[in-house]
Amino acid sequence: PYTIVINNSDGKFLEVKNLESNEVFYLIPTVSDKYYLASAKDKRKKKGSVFGSINIEIHEATPVSINLDRTAFLESEPGYPLASSPEGGLFSGPGVSNNTFYPAEATAAKSPHLITCSYENPNACVTRDRITLYVLSGNSRVDLYSGDEVITTVCDKEIQYTLKGSNEDGLAGSFELYGEGSSDPLPGHITDDNADDNQAVLSLNGLSGSYEVVYTYGMVSVEVVASTDFTVYDIGVVGILNIPDSICMNGPDYPLIPEVSIADPGATYVFSGPGVSGNQADGYFFDPGAPDVRPGLNELVLNYAAYNGCGVSISVMIYLSELPSLDFTPDMICLGPEGGMVSFSNQTHPKDLITDWSWDFGDPSSGGANNSSQESPEHYY
């Protein structure tokens, strides 16, 4: 192998070590100058004859920048001319033809798209600039939900409803409520705690009549709008009168009575659920001791239909407290004259309902040892 030295007018410019015969090496000049082979030595440092030089002229590259007034497009839009500074840049990338970006060719499905502009100056120096362009499909919709059902008629404005927007572009949108024929949004009725999930809660307190929900999404200069209309009818507040949240399973029967804010003699209703019996004429009742009632949460349902056809279904969860069965077994019941330690096995069921234990061993002469708070204690008799 050889060690060679390349010089320019300032002296040594490059030294290359361990260079094999016919091996290619690269000269990267930084200034215009004459570059020549100054020396060559083999591994024994024996100098060889050298020759060869080259005059290199360094030209500055021309910076290029992409000049666009927008970076987002609808897939349905026509071709958009691409421009650079200085002029004369050559553009390439998805959807690009003749320095024009065609959103439909690039497609929304494959968005975003990296576009490259290459510029070659008169000295053949090439510079590049890149930009990311986005294409939106513009396909979106918005619906008003009651539970899992899409609705356009609202019969009970005291219940909260869900607004769900969707779009093929996977972007988050926002919601606004408008009265019929109005261009001013109505504040205070839409709650959107998570701006990224395309859902919001709609509260219709104080509203009656026809309304429009507008769902908007987009990015940069592109805005896409979808809307849905619905009508609010007055049915009155419907609930279950004076039903407690928690009831003991050995408690008395509870009457089930609809609670409405607007009297409606033509309304019909039905209560259902475990422990429910009766009818509208004779009254409905809830029996906490009924065989189909289970410890824990039980759901009671009221289906209420107003005279105008509007109906509402309300469910109430009632917690039924189970009464544990207390029992225990001693490990011995016969003791000698000298007495002995008796262990008590706690047979109470279910134990998970118990938070504290209190034992009285019926042996007051034992003083403080006559009582225990352990689950399965011992006592010396």
# chains A, B, ... in the order shown; residues from 1 in each chain; ligands from 1
>>> residues_around(residues="Ile115 in chain A", least_positions_apart="2", cutoff="8 Å", atoms="only C-alpha atoms", output="compact mmCIF listing (two decimals) with C-alpha atoms, in the first residue's frame")
# COMPACT_ATOMS: atom_id res chain seq x y z
CA PHE A 91 -41.13 19.03 -9.22
CA SER A 92 -41.59 15.32 -8.61
CA GLY A 93 -43.60 13.12 -6.28
CA PRO A 94 -47.03 11.46 -6.01
CA HIS A 113 -47.30 13.14 0.07
CA CYS A 117 -38.31 20.40 -6.12
CA ARG A 130 -39.08 19.30 -0.10
CA ILE A 131 -42.59 19.89 1.17
CA THR A 132 -45.37 17.64 2.50
CA LEU A 133 -48.80 18.03 0.88
>>> residues_around(residues="range 204-208 of chain A", least_positions_apart="4", cutoff="10 Å", atoms="only C-alpha atoms", output="PyMOL selection string")
chain A and resi 154-161+179+188-190+231-234
>>> select_by_dssp(residues="range 282-380 of chain A", states="strand (DSSP E or B)", output="PyMOL selection string")
chain A and resi 283-286+296-305+311-321+325+328-330+341-346+349+359-360+371-372+378-380
>>> write_last_selection(atoms="C-alpha atoms", output="CSV table (one decimal), in the first residue's frame")
chain,number,residue,atom,x,y,z
A,283,GLY,CA,-100.2,0.4,40.4
A,284,TYR,CA,-96.7,-1.1,40.1
A,285,PHE,CA,-94.6,-2.3,43.1
A,286,PHE,CA,-91.1,-3.5,43.8
A,296,GLY,CA,-76.1,-6.2,44.5
A,297,LEU,CA,-77.3,-4.1,41.6
A,298,ASN,CA,-80.8,-4.6,40.1
A,299,GLU,CA,-82.1,-2.7,37.2
A,300,LEU,CA,-85.7,-1.3,37.1
A,301,VAL,CA,-86.9,0.0,33.8
A,302,LEU,CA,-89.7,2.5,33.1
A,303,ASN,CA,-91.0,2.7,29.5
A,304,TYR,CA,-93.1,5.9,29.2
A,305,ALA,CA,-95.1,6.9,26.1
A,311,GLY,CA,-91.5,7.8,24.4
A,312,VAL,CA,-88.7,7.4,26.8
A,313,SER,CA,-87.1,4.5,28.6
A,314,ILE,CA,-85.5,5.2,31.9
A,315,SER,CA,-83.5,2.7,34.0
A,316,VAL,CA,-82.7,2.9,37.6
A,317,MET,CA,-80.1,0.8,39.4
A,318,ILE,CA,-81.0,-0.2,42.9
A,319,TYR,CA,-78.5,-1.8,45.2
A,320,LEU,CA,-80.0,-4.7,47.2
A,321,SER,CA,-78.0,-5.3,50.4
A,325,SER,CA,-76.2,-15.5,57.8
A,328,PHE,CA,-69.8,-20.3,64.0
A,329,THR,CA,-68.4,-23.7,65.2
A,330,PRO,CA,-66.2,-24.3,68.3
A,341,MET,CA,-58.4,-23.1,74.8
A,342,VAL,CA,-61.4,-23.2,72.4
A,343,SER,CA,-61.0,-22.1,68.8
A,344,PHE,CA,-64.0,-20.7,67.0
A,345,SER,CA,-64.5,-21.4,63.2
A,346,ASN,CA,-66.4,-18.5,61.7
A,349,HIS,CA,-71.8,-16.4,54.8
A,359,TRP,CA,-67.4,-11.5,69.7
A,360,ASP,CA,-68.7,-12.0,73.3
A,371,ASN,CA,-64.4,-9.9,73.7
A,372,SER,CA,-62.6,-10.1,70.3
A,378,GLU,CA,-59.8,-18.3,70.4
A,379,HIS,CA,-60.8,-18.1,74.1
A,380,TYR,CA,-59.6,-19.8,77.2
>>> residues_around(residues="Ser32 in chain A", least_positions_apart="5", cutoff="12 Å", atoms="only C-alpha atoms", output="VMD selection string")
chain A and resid 8 to 10 54 to 60
>>> write_last_selection(atoms="all heavy atoms", output="PDB file, in the first residue's frame")
ATOM      1  N   ASN A   8      -2.292  21.785  -2.968  1.00  0.00           N
ATOM      2  CA  ASN A   8      -2.791  22.893  -3.778  1.00  0.00           C
ATOM      3  C   ASN A   8      -1.873  24.082  -3.533  1.00  0.00           C
ATOM      4  O   ASN A   8      -0.777  23.928  -2.968  1.00  0.00           O
ATOM      5  CB  ASN A   8      -4.260  23.193  -3.482  1.00  0.00           C
ATOM      6  CG  ASN A   8      -4.481  23.654  -2.047  1.00  0.00           C
ATOM      7  OD1 ASN A   8      -3.529  23.876  -1.306  1.00  0.00           O
ATOM      8  ND2 ASN A   8      -5.734  23.792  -1.662  1.00  0.00           N
ATOM      9  N   SER A   9      -2.302  25.261  -3.903  1.00  0.00           N
ATOM     10  CA  SER A   9      -1.415  26.417  -3.777  1.00  0.00           C
ATOM     11  C   SER A   9      -1.092  26.749  -2.326  1.00  0.00           C
ATOM     12  O   SER A   9      -0.128  27.457  -2.058  1.00  0.00           O
ATOM     13  CB  SER A   9      -2.047  27.631  -4.466  1.00  0.00           C
ATOM     14  OG  SER A   9      -3.303  27.937  -3.876  1.00  0.00           O
ATOM     15  N   ASP A  10      -1.859  26.253  -1.385  1.00  0.00           N
ATOM     16  CA  ASP A  10      -1.597  26.511   0.033  1.00  0.00           C
ATOM     17  C   ASP A  10      -0.752  25.435   0.684  1.00  0.00           C
ATOM     18  O   ASP A  10      -0.451  25.508   1.870  1.00  0.00           O
ATOM     19  CB  ASP A  10      -2.927  26.625   0.789  1.00  0.00           C
ATOM     20  CG  ASP A  10      -3.728  27.844   0.371  1.00  0.00           C
ATOM     21  OD1 ASP A  10      -3.094  28.854   0.032  1.00  0.00           O
ATOM     22  OD2 ASP A  10      -4.982  27.757   0.385  1.00  0.00           O
ATOM     23  N   ILE A  54      -4.829  18.778 -11.643  1.00  0.00           N
ATOM     24  CA  ILE A  54      -6.132  19.143 -12.172  1.00  0.00           C
ATOM     25  C   ILE A  54      -6.502  20.516 -11.661  1.00  0.00           C
ATOM     26  O   ILE A  54      -6.249  20.849 -10.487  1.00  0.00           O
ATOM     27  CB  ILE A  54      -7.212  18.104 -11.784  1.00  0.00           C
ATOM     28  CG1 ILE A  54      -8.542  18.457 -12.448  1.00  0.00           C
ATOM     29  CG2 ILE A  54      -7.357  18.000 -10.284  1.00  0.00           C
ATOM     30  CD1 ILE A  54      -9.587  17.366 -12.278  1.00  0.00           C
ATOM     31  N   ASN A  55      -7.062  21.339 -12.542  1.00  0.00           N
ATOM     32  CA  ASN A  55      -7.567  22.653 -12.143  1.00  0.00           C
ATOM     33  C   ASN A  55      -9.075  22.528 -11.864  1.00  0.00           C
ATOM     34  O   ASN A  55      -9.843  22.134 -12.760  1.00  0.00           O
ATOM     35  CB  ASN A  55      -7.315  23.687 -13.239  1.00  0.00           C
ATOM     36  CG  ASN A  55      -5.837  24.022 -13.375  1.00  0.00           C
ATOM     37  OD1 ASN A  55      -5.173  24.278 -12.367  1.00  0.00           O
ATOM     38  ND2 ASN A  55      -5.332  24.023 -14.601  1.00  0.00           N
ATOM     39  N   ILE A  56      -9.439  22.844 -10.668  1.00  0.00           N
ATOM     40  CA  ILE A  56     -10.838  22.690 -10.253  1.00  0.00           C
ATOM     41  C   ILE A  56     -11.414  24.060  -9.924  1.00  0.00           C
ATOM     42  O   ILE A  56     -10.809  24.850  -9.178  1.00  0.00           O
ATOM     43  CB  ILE A  56     -10.958  21.763  -9.028  1.00  0.00           C
ATOM     44  CG1 ILE A  56     -10.475  20.360  -9.398  1.00  0.00           C
ATOM     45  CG2 ILE A  56     -12.388  21.734  -8.511  1.00  0.00           C
ATOM     46  CD1 ILE A  56     -10.510  19.380  -8.240  1.00  0.00           C
ATOM     47  N   GLU A  57     -12.578  24.338 -10.476  1.00  0.00           N
ATOM     48  CA  GLU A  57     -13.274  25.591 -10.188  1.00  0.00           C
ATOM     49  C   GLU A  57     -14.544  25.273  -9.390  1.00  0.00           C
ATOM     50  O   GLU A  57     -15.362  24.447  -9.822  1.00  0.00           O
ATOM     51  CB  GLU A  57     -13.639  26.307 -11.489  1.00  0.00           C
ATOM     52  CG  GLU A  57     -14.262  27.678 -11.244  1.00  0.00           C
ATOM     53  CD  GLU A  57     -14.534  28.429 -12.536  1.00  0.00           C
ATOM     54  OE1 GLU A  57     -14.149  27.910 -13.610  1.00  0.00           O
ATOM     55  OE2 GLU A  57     -15.134  29.516 -12.463  1.00  0.00           O
ATOM     56  N   ILE A  58     -14.694  25.880  -8.252  1.00  0.00           N
ATOM     57  CA  ILE A  58     -15.839  25.648  -7.371  1.00  0.00           C
ATOM     58  C   ILE A  58     -16.911  26.692  -7.670  1.00  0.00           C
ATOM     59  O   ILE A  58     -16.646  27.895  -7.641  1.00  0.00           O
ATOM     60  CB  ILE A  58     -15.439  25.728  -5.890  1.00  0.00           C
ATOM     61  CG1 ILE A  58     -14.304  24.745  -5.587  1.00  0.00           C
ATOM     62  CG2 ILE A  58     -16.644  25.452  -4.990  1.00  0.00           C
ATOM     63  CD1 ILE A  58     -14.674  23.300  -5.810  1.00  0.00           C
ATOM     64  N   HIS A  59     -18.137  26.210  -7.943  1.00  0.00           N
ATOM     65  CA  HIS A  59     -19.271  27.093  -8.180  1.00  0.00           C
ATOM     66  C   HIS A  59     -20.265  26.962  -7.026  1.00  0.00           C
ATOM     67  O   HIS A  59     -20.505  25.863  -6.521  1.00  0.00           O
ATOM     68  CB  HIS A  59     -19.972  26.738  -9.489  1.00  0.00           C
ATOM     69  CG  HIS A  59     -19.116  26.908 -10.698  1.00  0.00           C
ATOM     70  ND1 HIS A  59     -18.797  28.143 -11.223  1.00  0.00           N
ATOM     71  CD2 HIS A  59     -18.481  25.979 -11.484  1.00  0.00           C
ATOM     72  CE1 HIS A  59     -18.024  27.992 -12.275  1.00  0.00           C
ATOM     73  NE2 HIS A  59     -17.802  26.677 -12.460  1.00  0.00           N
ATOM     74  N   GLU A  60     -20.847  28.061  -6.608  1.00  0.00           N
ATOM     75  CA  GLU A  60     -21.848  28.053  -5.544  1.00  0.00           C
ATOM     76  C   GLU A  60     -23.175  27.503  -6.069  1.00  0.00           C
ATOM     77  O   GLU A  60     -23.604  27.833  -7.177  1.00  0.00           O
ATOM     78  CB  GLU A  60     -22.072  29.468  -5.009  1.00  0.00           C
ATOM     79  CG  GLU A  60     -20.901  30.048  -4.248  1.00  0.00           C
ATOM     80  CD  GLU A  60     -20.697  29.351  -2.914  1.00  0.00           C
ATOM     81  OE1 GLU A  60     -21.692  28.818  -2.383  1.00  0.00           O
ATOM     82  OE2 GLU A  60     -19.563  29.341  -2.426  1.00  0.00           O
TER      83      GLU A  60
END
>>> residues_around(residues="Lys41 in chain A", least_positions_apart="2", cutoff="10 Å", atoms="only C-alpha atoms", output="list of chain:residue names")
A:Pro1, A:Tyr2, A:Thr3, A:Ile4, A:Val5, A:Lys17, A:Asn18, A:Ser39, A:Lys43, A:Arg44, A:Lys45, A:Lys46, A:Lys47, A:Gly48, A:Ser49, A:Val50
>>> write_last_selection(atoms="N, CA and C atoms", output="CSV table (one decimal), in the first residue's frame")
chain,number,residue,atom,x,y,z
A,1,PRO,N,0.8,-1.2,0.0
A,1,PRO,CA,0.0,0.0,0.0
A,1,PRO,C,0.9,1.3,0.0
A,2,TYR,N,0.2,2.4,-0.5
A,2,TYR,CA,1.0,3.6,-0.6
A,2,TYR,C,0.3,4.7,0.3
A,3,THR,N,1.2,5.7,0.5
A,3,THR,CA,0.7,6.9,1.2
A,3,THR,C,1.0,8.0,0.2
A,4,ILE,N,-0.1,8.7,-0.2
A,4,ILE,CA,0.1,9.8,-1.2
A,4,ILE,C,-0.4,11.1,-0.6
A,5,VAL,N,0.2,12.2,-1.1
A,5,VAL,CA,-0.2,13.6,-0.7
A,5,VAL,C,-0.6,14.4,-1.9
A,17,LYS,N,-3.6,7.4,3.2
A,17,LYS,CA,-2.7,6.3,3.7
A,17,LYS,C,-3.3,4.9,3.3
A,18,ASN,N,-2.4,3.9,3.2
A,18,ASN,CA,-2.8,2.6,2.9
A,18,ASN,C,-3.6,2.4,1.6
A,39,SER,N,3.5,13.7,-3.6
A,39,SER,CA,4.4,12.7,-3.3
A,39,SER,C,3.6,11.4,-3.2
A,43,LYS,N,5.1,1.2,1.6
A,43,LYS,CA,5.1,0.9,3.1
A,43,LYS,C,6.4,1.0,3.7
A,44,ARG,N,7.5,0.9,2.8
A,44,ARG,CA,8.9,1.1,3.3
A,44,ARG,C,9.4,2.5,3.2
A,45,LYS,N,8.4,3.4,3.0
A,45,LYS,CA,8.6,4.8,2.9
A,45,LYS,C,9.6,5.2,1.7
A,46,LYS,N,9.6,4.3,0.7
A,46,LYS,CA,10.4,4.6,-0.5
A,46,LYS,C,9.6,5.5,-1.4
A,47,LYS,N,10.1,6.6,-1.8
A,47,LYS,CA,9.4,7.6,-2.6
A,47,LYS,C,9.4,7.1,-4.1
A,48,GLY,N,8.3,7.4,-4.7
A,48,GLY,CA,8.2,7.0,-6.1
A,48,GLY,C,8.0,8.3,-7.0
A,49,SER,N,8.1,8.2,-8.2
A,49,SER,CA,7.9,9.3,-9.1
A,49,SER,C,6.4,9.6,-9.2
A,50,VAL,N,6.1,10.9,-9.2
A,50,VAL,CA,4.7,11.3,-9.2
A,50,VAL,C,4.5,12.3,-10.4
>>> atom_distance(atom1="CA of Ser174 in chain A", atom2="CA of Thr216 in chain A")
5.4 Å
>>> residues_around(residues="range 168-173 of chain A", least_positions_apart="3", cutoff="7 Å", atoms="only C-alpha atoms", output="PyMOL selection string")
chain A and resi 136-137+139-140+195-198+215-217
>>> residues_around(residues="Asp229 in chain A", least_positions_apart="6", cutoff="7 Å", atoms="only C-alpha atoms", output="MDAnalysis selection string")
chainID A and resid 152 211:213
>>> atom_distance(atom1="CA of Thr100 in chain A", atom2="CA of Phe73 in chain A")
13.0 Å
>>> select_by_dssp(residues="range 93-159 of chain A", states="helix (DSSP H, G or I)", output="PyMOL selection string")
chain A and resi 103-106
>>> write_last_selection(atoms="N, CA and C atoms", output="mmCIF file, in the first residue's frame")
data_model
loop_
_atom_site.group_PDB
_atom_site.id
_atom_site.type_symbol
_atom_site.label_atom_id
_atom_site.label_comp_id
_atom_site.auth_asym_id
_atom_site.auth_seq_id
_atom_site.Cartn_x
_atom_site.Cartn_y
_atom_site.Cartn_z
ATOM 1 N N PRO A 103 -54.503 16.375 -6.838
ATOM 2 C CA PRO A 103 -54.922 15.672 -5.612
ATOM 3 C C PRO A 103 -55.572 14.324 -5.879
ATOM 4 N N ALA A 104 -56.370 14.227 -6.936
ATOM 5 C CA ALA A 104 -57.059 12.971 -7.219
ATOM 6 C C ALA A 104 -56.072 11.871 -7.599
ATOM 7 N N GLU A 105 -54.958 12.253 -8.254
ATOM 8 C CA GLU A 105 -53.937 11.265 -8.609
ATOM 9 C C GLU A 105 -53.116 10.862 -7.395
ATOM 10 N N ALA A 106 -52.841 11.813 -6.530
ATOM 11 C CA ALA A 106 -52.084 11.496 -5.313
ATOM 12 C C ALA A 106 -52.926 10.652 -4.360
#
>>> residues_around(residues="Leu27 in chain A", least_positions_apart="2", cutoff="12 Å", atoms="only C-alpha atoms", output="PyMOL selection string")
chain A and resi 5-8+13-16+24-25+29-31+35-37+53-54+56
>>> atom_distance(atom1="CA of Pro86 in chain A", atom2="CA of Leu68 in chain A")
13.0 Å
